[in-house]
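A.B. asks: Please see the structure below; I have some questions.
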Amino acid sequence: MNTFAIDNQILDKEETMPRTELQALQLKRLRETVARAMNVPFYKKEFAERGITPDSIQTLSDVRRLPFTTKEDMRSNYPLGLCAVPRTELARIHGSSGTTGMPTFVGYTHQDLKTWARLCARFLVAGGLRPGHTAQIAFGYGLFTGGFGLHYGVEEVGAAVLPVSSGNTTRQVQLMRDLQPDALICTPSYALNIAEVARGMGIDPRTLSLRFAHFGGEMWTEDMRRQIEAEMDLAAFNNYGLSEIIGPGVSGDCAARSGMHIQEDHFLVECLDPESLEPTEDYTYGELVITALTREAMPMIRYRTRDIAALDPCVCECGRTTVRMTRVMGRTDDMLIIRGVNVFPSQIEEALFQVEGTSPHYLVEVNRPDRLDEITVKVELRPEFLSDKMSVMQTLRDSIVRRIQTVAGVHAKVELLAPQTLERSAGKAVRVIDRRNLQG
Amino acid sequence: MFLENKPGRLSEPCRLLADAGINILTLSVADTQQFGILRLIVPDWEAAKGVLEKAGFVVNVTEVVATEVVDQPGGLATILEIIEEVGLNIEYMYAFTFRCNDKAVIVFRFDNNDIAVTALQAKGISVVGGVELYERARQ
């Protein structure tokens, strides 16, 4: 039986390189990266302290002798202090939104942009996009890397771009109806928002022309994938990346959709225990630490992503030889500690999906009213599950409480909401509000 | 209707129905600290559903059982005993009566309406249809 969601196609020979050849390429590029990084005062100083030169990198595991780079390092070198090329060499500047602090900027040379487009094209092809297709991009265009990254990726594939950007959801649906795109590119939560708005307009999203979707930019779960696929009748593909490294294109699903292939010819990815900083065993969750192997403008050495995932070195049935990563299950900095228990918002989402009657629209609130942490999960119900019987509603609420207890190990207060109560987002959905700090 | 338990949440649907000229025959509210369930009986439920849904409310339509009882002490107890005998639960009831001649009408939501109707009719209790109920209410 064909277990692939779509036709299996592979764009570049680097994706199927024998491991020894790939590792030799990685080693060569790691040395080049160290050489380029010597042009960055921050790295020059760090390397000097450790006695590192390009020649001191003899094997791939020597990467562990290199210093880490953190978000704080980017901030203390604000705005473009980590660039290895003169300002005049830059072809583009992207940046993070700065929602959690000072914004950070990332520079690209022309070659970086070409590399980036190719990386995006690879995962788009792996996920079904072909020359002649049309892809509707509902990622925001701007400093955020999602819009422009995927835009040039779609062009690199040879497909047509419908650059709608995010927001104006009614118009998104009208364009889908009138221009019949093959693929949708946005955050998974925005796709659900689009489906909901379509139904409100009397258009069944399953009848639209969309055949596949490429989702990234936020965490989501396997249950959410199944739900989007059922609601929109398409195959959904996951991709991963972060602006500090390049943007989308670090890894992406193939037709088998059992882990995202890391584009190892361009990125050296380690998975470390966030406490001890020792490598984790294969298949064990840890923090991803990424070294960009080909970035010209801003070489990034051992960037601490704070994203938690696991690595799978097992050879994939699609033919690619690259290591796969699981979907990101949490971030070291959005892990909630509730009365000493580590809770990831993704676990709450997983629990909600397992209870019939809930919708994917939810909000987790954390309070500390009386020195003890209190977690409240607000969840919208599906209209057909709203009952006139109080007993039915209370049973539903109790089963959500029990499910969260089982999956996440915490007792949460559960508030049931009518459909369409919570605010919708066109970009990354707000899932957690932690009020503990505000209350001192 | 499912409502959040917040000030003003109850008046909004009532105002919408009033503006549409729809009279509420009766209502009952069940509430917890966080949410409430508003149940209404209106003569033209399709129109009412349309008005409320247009305003963004989720409305479900439920079958209830209207029974005729003699308006005298023991009238309600007779019905409750019949329901107990067949082992049914009453989810809720509307605490109001339509009087017609010497008979009153009480509206129930049972956990199984079909069994309840069969049991009541077997004991000679008459069940009032929707059209007739609205007719009596109008009088």
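Labels used: A, B, ... for chains in the order of the structure tokens, numbers from 1 for residues in each chain, and numbers from 1 for ligands as shown.
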Residues of chain A within 12 Å of chain B, counting only C-alpha atoms - could you list those as a PDB file with C-alpha atoms, in the first residue's frame?
C.D. replies:
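Resulting contents of out.pdb:
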```pdb
ATOM      1  CA  GLY A 200     -19.842  31.371   7.667  1.00  0.00           C
ATOM      2  CA  THR A 376      -7.518  27.806  33.601  1.00  0.00           C
ATOM      3  CA  LYS A 378     -10.890  28.196  28.185  1.00  0.00           C
ATOM      4  CA  GLU A 380     -14.789  26.840  22.626  1.00  0.00           C
ATOM      5  CA  LEU A 381     -17.237  24.018  22.039  1.00  0.00           C
ATOM      6  CA  ARG A 382     -18.520  22.770  18.724  1.00  0.00           C
ATOM      7  CA  PRO A 383     -22.051  24.085  18.110  1.00  0.00           C
ATOM      8  CA  GLU A 384     -23.568  20.605  17.794  1.00  0.00           C
ATOM      9  CA  PHE A 385     -22.272  19.684  21.246  1.00  0.00           C
ATOM     10  CA  LEU A 386     -24.039  22.498  23.065  1.00  0.00           C
ATOM     11  CA  SER A 387     -26.859  20.860  24.960  1.00  0.00           C
ATOM     12  CA  ASP A 388     -29.910  22.129  26.815  1.00  0.00           C
ATOM     13  CA  LYS A 389     -29.121  19.525  29.486  1.00  0.00           C
ATOM     14  CA  MET A 390     -26.885  20.769  32.282  1.00  0.00           C
ATOM     15  CA  SER A 391     -25.822  17.189  33.020  1.00  0.00           C
ATOM     16  CA  VAL A 392     -24.431  16.808  29.506  1.00  0.00           C
ATOM     17  CA  MET A 393     -22.452  20.054  29.726  1.00  0.00           C
ATOM     18  CA  GLN A 394     -21.044  19.180  33.123  1.00  0.00           C
ATOM     19  CA  ARG A 397     -16.407  19.675  31.294  1.00  0.00           C
ATOM     20  CA  LYS A 413     -10.050  24.690  35.801  1.00  0.00           C
ATOM     21  CA  VAL A 414     -11.962  24.318  32.560  1.00  0.00           C
ATOM     22  CA  GLU A 415     -14.251  27.008  31.221  1.00  0.00           C
ATOM     23  CA  LEU A 416     -16.605  26.119  28.393  1.00  0.00           C
ATOM     24  CA  LEU A 417     -17.167  28.828  25.809  1.00  0.00           C
ATOM     25  CA  ALA A 418     -19.689  29.287  23.027  1.00  0.00           C
ATOM     26  CA  PRO A 419     -18.296  29.116  19.477  1.00  0.00           C
ATOM     27  CA  GLN A 420     -16.653  32.310  18.179  1.00  0.00           C
ATOM     28  CA  THR A 421     -15.917  33.702  21.651  1.00  0.00           C
TER      29      THR A 421
END
```
A.B. asks: Could you pull the residues within 10 Å of Ala48 of chain B, counting only C-alpha atoms, minus those fewer than 3 positions along the same chain, as a ChimeraX atom specification?
C.D. replies: /B:13,16-18,20-24,40-45,51-54,59
A.B. asks: Between atom CA of Leu133 of chain B and atom CA of Leu76 of chain B, measure the distance and give it in Å to one decimal.
C.D. replies: 18.0 Å
A.B. asks: Just the residues within 10 Å of Thr67 of chain B, please, counting only C-alpha atoms, with nothing from its chain fewer than 3 positions along; format it as a VMD selection string.
C.D. replies: chain B and resid 64 76 79 103 to 108 117 120 to 121 125 to 129 133
A.B. asks: Pull N, CA and C atoms from the residues just selected and write them as a PDB file, in the first residue's frame.
C.D. replies:
```pdb
ATOM      1  N   VAL B  64     -39.640  18.961  23.593  1.00  0.00           N
ATOM      2  CA  VAL B  64     -40.100  18.849  24.978  1.00  0.00           C
ATOM      3  C   VAL B  64     -41.497  18.221  24.965  1.00  0.00           C
ATOM      4  N   LEU B  76     -49.781  17.292  39.631  1.00  0.00           N
ATOM      5  CA  LEU B  76     -48.380  17.127  39.190  1.00  0.00           C
ATOM      6  C   LEU B  76     -47.806  15.813  39.721  1.00  0.00           C
ATOM      7  N   ILE B  79     -48.374  12.752  37.590  1.00  0.00           N
ATOM      8  CA  ILE B  79     -47.474  12.647  36.430  1.00  0.00           C
ATOM      9  C   ILE B  79     -46.094  12.175  36.852  1.00  0.00           C
ATOM     10  N   LYS B 103     -58.101  22.449  33.099  1.00  0.00           N
ATOM     11  CA  LYS B 103     -56.840  21.751  32.907  1.00  0.00           C
ATOM     12  C   LYS B 103     -55.675  22.751  32.825  1.00  0.00           C
ATOM     13  N   ALA B 104     -54.506  22.328  33.334  1.00  0.00           N
ATOM     14  CA  ALA B 104     -53.285  23.126  33.187  1.00  0.00           C
ATOM     15  C   ALA B 104     -52.327  22.351  32.284  1.00  0.00           C
ATOM     16  N   VAL B 105     -51.342  23.060  31.747  1.00  0.00           N
ATOM     17  CA  VAL B 105     -50.338  22.390  30.909  1.00  0.00           C
ATOM     18  C   VAL B 105     -48.961  22.605  31.543  1.00  0.00           C
ATOM     19  N   ILE B 106     -48.190  21.528  31.672  1.00  0.00           N
ATOM     20  CA  ILE B 106     -46.821  21.639  32.191  1.00  0.00           C
ATOM     21  C   ILE B 106     -45.866  21.071  31.137  1.00  0.00           C
ATOM     22  N   VAL B 107     -44.764  21.758  30.955  1.00  0.00           N
ATOM     23  CA  VAL B 107     -43.806  21.338  29.917  1.00  0.00           C
ATOM     24  C   VAL B 107     -42.580  20.693  30.569  1.00  0.00           C
ATOM     25  N   PHE B 108     -42.226  19.496  30.087  1.00  0.00           N
ATOM     26  CA  PHE B 108     -41.105  18.735  30.647  1.00  0.00           C
ATOM     27  C   PHE B 108     -40.050  18.446  29.584  1.00  0.00           C
ATOM     28  N   VAL B 117     -43.721   9.834  26.751  1.00  0.00           N
ATOM     29  CA  VAL B 117     -45.019  10.075  26.097  1.00  0.00           C
ATOM     30  C   VAL B 117     -45.860   8.787  26.105  1.00  0.00           C
ATOM     31  N   LEU B 120     -47.112   8.090  29.673  1.00  0.00           N
ATOM     32  CA  LEU B 120     -48.144   9.034  30.114  1.00  0.00           C
ATOM     33  C   LEU B 120     -49.474   8.729  29.424  1.00  0.00           C
ATOM     34  N   GLN B 121     -49.397   8.486  28.111  1.00  0.00           N
ATOM     35  CA  GLN B 121     -50.630   8.233  27.368  1.00  0.00           C
ATOM     36  C   GLN B 121     -51.291   6.929  27.823  1.00  0.00           C
ATOM     37  N   ILE B 125     -53.009  10.237  30.459  1.00  0.00           N
ATOM     38  CA  ILE B 125     -52.616  11.646  30.525  1.00  0.00           C
ATOM     39  C   ILE B 125     -52.493  12.150  29.090  1.00  0.00           C
ATOM     40  N   SER B 126     -53.140  13.249  28.752  1.00  0.00           N
ATOM     41  CA  SER B 126     -53.047  13.680  27.362  1.00  0.00           C
ATOM     42  C   SER B 126     -51.843  14.592  27.155  1.00  0.00           C
ATOM     43  N   VAL B 127     -51.165  14.340  26.024  1.00  0.00           N
ATOM     44  CA  VAL B 127     -49.982  15.106  25.644  1.00  0.00           C
ATOM     45  C   VAL B 127     -50.417  16.105  24.583  1.00  0.00           C
ATOM     46  N   VAL B 128     -50.033  17.358  24.802  1.00  0.00           N
ATOM     47  CA  VAL B 128     -50.508  18.435  23.932  1.00  0.00           C
ATOM     48  C   VAL B 128     -49.491  18.693  22.820  1.00  0.00           C
ATOM     49  N   GLY B 129     -49.955  18.775  21.592  1.00  0.00           N
ATOM     50  CA  GLY B 129     -49.070  19.040  20.462  1.00  0.00           C
ATOM     51  C   GLY B 129     -48.654  20.503  20.422  1.00  0.00           C
ATOM     52  N   LEU B 133     -50.573  23.880  21.740  1.00  0.00           N
ATOM     53  CA  LEU B 133     -49.971  24.591  22.877  1.00  0.00           C
ATOM     54  C   LEU B 133     -49.923  26.097  22.601  1.00  0.00           C
TER      55      LEU B 133
END
```
A.B. asks: Taking into account only C-alpha atoms, which residue in the set A:Asp434, A:Gly147, A:Pro18, A:Arg402 is nearest to Arg368 of chain A?
C.D. replies: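 Looking at the shortest contact to Arg368 of chain A, the residue is A:Asp434.
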A.B. asks: Could you find all residues in segment 12-124 of chain B that DSSP calls strand (DSSP E) from the backbone, and write them as a PyMOL selection string?
C.D. replies: chain B and resi 26-31+35-41+65-70+90-100+103-110
A.B. asks: Could you please determine the separation between atom CA of Asp265 of chain A and atom CA of Leu80 of chain A in Å, to one decimal place?
C.D. replies: 25.5 Å
A.B. asks: In Å, with one decimal, what is the gap from atom CA of Leu25 of chain B to atom CA of Asn5 of chain B?
C.D. replies: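 Straight-line distance from atom CA of Leu25 of chain B to atom CA of Asn5 of chain B works out to 22.7 Å.
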A.B. asks: Looking at A:His266, A:His261, A:Arg320, A:Arg64, which one is nearest to Arg50 of chain A, with distances taken over only C-alpha atoms?
C.D. replies: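 For Arg50 of chain A, the nearest of the candidates is A:Arg64.
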A.B. asks: Env of Phe47 of chain A: 9 Å cut, atoms = only C-alpha atoms, seq-sep filter 3 positions within chain, self excluded. Answer as a ChimeraX atom specification.
C.D. replies: /A:34,38,42-44,50-53,66-67
A.B. asks: Quick one: everything within 12 Å of Thr305 of chain A, counting only C-alpha atoms, minus sequence neighbours fewer than 5 positions away in the same chain. Send it as an mmCIF file with N, CA and C atoms, in the first residue's frame.
C.D. replies:
```cif
data_model
loop_
_atom_site.group_PDB
_atom_site.id
_atom_site.type_symbol
_atom_site.label_atom_id
_atom_site.label_comp_id
_atom_site.auth_asym_id
_atom_site.auth_seq_id
_atom_site.Cartn_x
_atom_site.Cartn_y
_atom_site.Cartn_z
ATOM 1 N N PHE A 68 28.205 28.751 22.173
ATOM 2 C CA PHE A 68 26.796 28.904 21.822
ATOM 3 C C PHE A 68 26.519 30.353 21.431
ATOM 4 N N THR A 69 25.433 30.540 20.671
ATOM 5 C CA THR A 69 24.917 31.882 20.414
ATOM 6 C C THR A 69 23.486 31.904 20.928
ATOM 7 N N THR A 70 23.115 32.949 21.640
ATOM 8 C CA THR A 70 21.761 33.025 22.197
ATOM 9 C C THR A 70 21.061 34.276 21.668
ATOM 10 N N LYS A 71 19.768 34.324 21.941
ATOM 11 C CA LYS A 71 18.977 35.507 21.590
ATOM 12 C C LYS A 71 19.583 36.752 22.258
ATOM 13 N N GLU A 72 20.078 36.574 23.481
ATOM 14 C CA GLU A 72 20.661 37.698 24.213
ATOM 15 C C GLU A 72 21.918 38.213 23.489
ATOM 16 N N TYR A 240 9.627 23.787 9.265
ATOM 17 C CA TYR A 240 10.222 24.404 10.442
ATOM 18 C C TYR A 240 11.383 25.311 10.051
ATOM 19 N N GLY A 241 11.514 26.368 10.782
ATOM 20 C CA GLY A 241 12.645 27.264 10.594
ATOM 21 C C GLY A 241 12.524 28.409 11.575
ATOM 22 N N LEU A 242 13.548 29.239 11.635
ATOM 23 C CA LEU A 242 13.479 30.400 12.515
ATOM 24 C C LEU A 242 14.332 31.510 11.910
ATOM 25 N N SER A 243 13.903 32.736 12.121
ATOM 26 C CA SER A 243 14.532 33.858 11.431
ATOM 27 C C SER A 243 16.010 33.976 11.784
ATOM 28 N N GLU A 244 16.388 33.651 13.025
ATOM 29 C CA GLU A 244 17.776 33.798 13.443
ATOM 30 C C GLU A 244 18.709 32.937 12.585
ATOM 31 N N ILE A 245 18.187 31.804 12.095
ATOM 32 C CA ILE A 245 18.997 30.898 11.282
ATOM 33 C C ILE A 245 18.878 31.253 9.807
ATOM 34 N N VAL A 250 14.560 25.232 7.342
ATOM 35 C CA VAL A 250 15.513 24.394 8.085
ATOM 36 C C VAL A 250 15.126 22.927 7.918
ATOM 37 N N VAL A 269 22.554 20.242 13.035
ATOM 38 C CA VAL A 269 21.594 20.342 14.134
ATOM 39 C C VAL A 269 21.992 19.393 15.257
ATOM 40 N N GLU A 270 22.097 19.947 16.467
ATOM 41 C CA GLU A 270 22.330 19.132 17.656
ATOM 42 C C GLU A 270 21.066 19.150 18.503
ATOM 43 N N CYS A 271 20.849 18.103 19.267
ATOM 44 C CA CYS A 271 19.719 18.057 20.199
ATOM 45 C C CYS A 271 20.313 17.856 21.591
ATOM 46 N N LEU A 272 20.193 18.878 22.438
ATOM 47 C CA LEU A 272 20.881 18.863 23.733
ATOM 48 C C LEU A 272 19.906 18.931 24.896
ATOM 49 N N PRO A 274 18.558 20.665 27.801
ATOM 50 C CA PRO A 274 18.675 22.109 28.063
ATOM 51 C C PRO A 274 19.365 22.440 29.392
ATOM 52 N N GLY A 286 14.892 17.178 23.344
ATOM 53 C CA GLY A 286 15.890 18.097 23.876
ATOM 54 C C GLY A 286 15.795 19.408 23.116
ATOM 55 N N GLU A 287 16.676 20.342 23.469
ATOM 56 C CA GLU A 287 16.658 21.632 22.777
ATOM 57 C C GLU A 287 17.464 21.539 21.484
ATOM 58 N N LEU A 288 16.906 22.057 20.392
ATOM 59 C CA LEU A 288 17.632 22.069 19.129
ATOM 60 C C LEU A 288 18.645 23.203 19.152
ATOM 61 N N VAL A 289 19.882 22.864 18.785
ATOM 62 C CA VAL A 289 20.956 23.854 18.682
ATOM 63 C C VAL A 289 21.467 23.775 17.248
ATOM 64 N N ILE A 290 21.380 24.889 16.537
ATOM 65 C CA ILE A 290 21.619 24.836 15.090
ATOM 66 C C ILE A 290 22.806 25.704 14.679
ATOM 67 N N THR A 291 23.675 25.122 13.868
ATOM 68 C CA THR A 291 24.744 25.880 13.231
ATOM 69 C C THR A 291 24.420 25.983 11.751
ATOM 70 N N MET A 300 25.782 31.730 11.793
ATOM 71 C CA MET A 300 25.215 31.519 13.130
ATOM 72 C C MET A 300 25.773 30.219 13.679
ATOM 73 N N VAL A 328 7.968 20.428 16.717
ATOM 74 C CA VAL A 328 8.397 21.086 17.943
ATOM 75 C C VAL A 328 7.279 20.923 18.976
ATOM 76 N N GLY A 330 7.427 22.031 22.178
ATOM 77 C CA GLY A 330 7.369 23.104 23.154
ATOM 78 C C GLY A 330 8.604 23.962 23.033
ATOM 79 N N ARG A 331 8.662 25.000 23.834
ATOM 80 C CA ARG A 331 9.857 25.825 23.884
ATOM 81 C C ARG A 331 10.318 25.876 25.327
ATOM 82 N N THR A 332 11.638 25.924 25.495
ATOM 83 C CA THR A 332 12.131 25.960 26.871
ATOM 84 C C THR A 332 11.594 27.190 27.592
ATOM 85 N N ASP A 333 11.273 28.251 26.806
ATOM 86 C CA ASP A 333 10.782 29.454 27.495
ATOM 87 C C ASP A 333 9.259 29.570 27.506
#
```
A.B. asks: As a ChimeraX atom specification, please: every residue in chain B that a backbone DSSP assignment puts in helix (DSSP H, G or I).
C.D. replies: /B:11-19,45-54,75-85,113-122,130-138
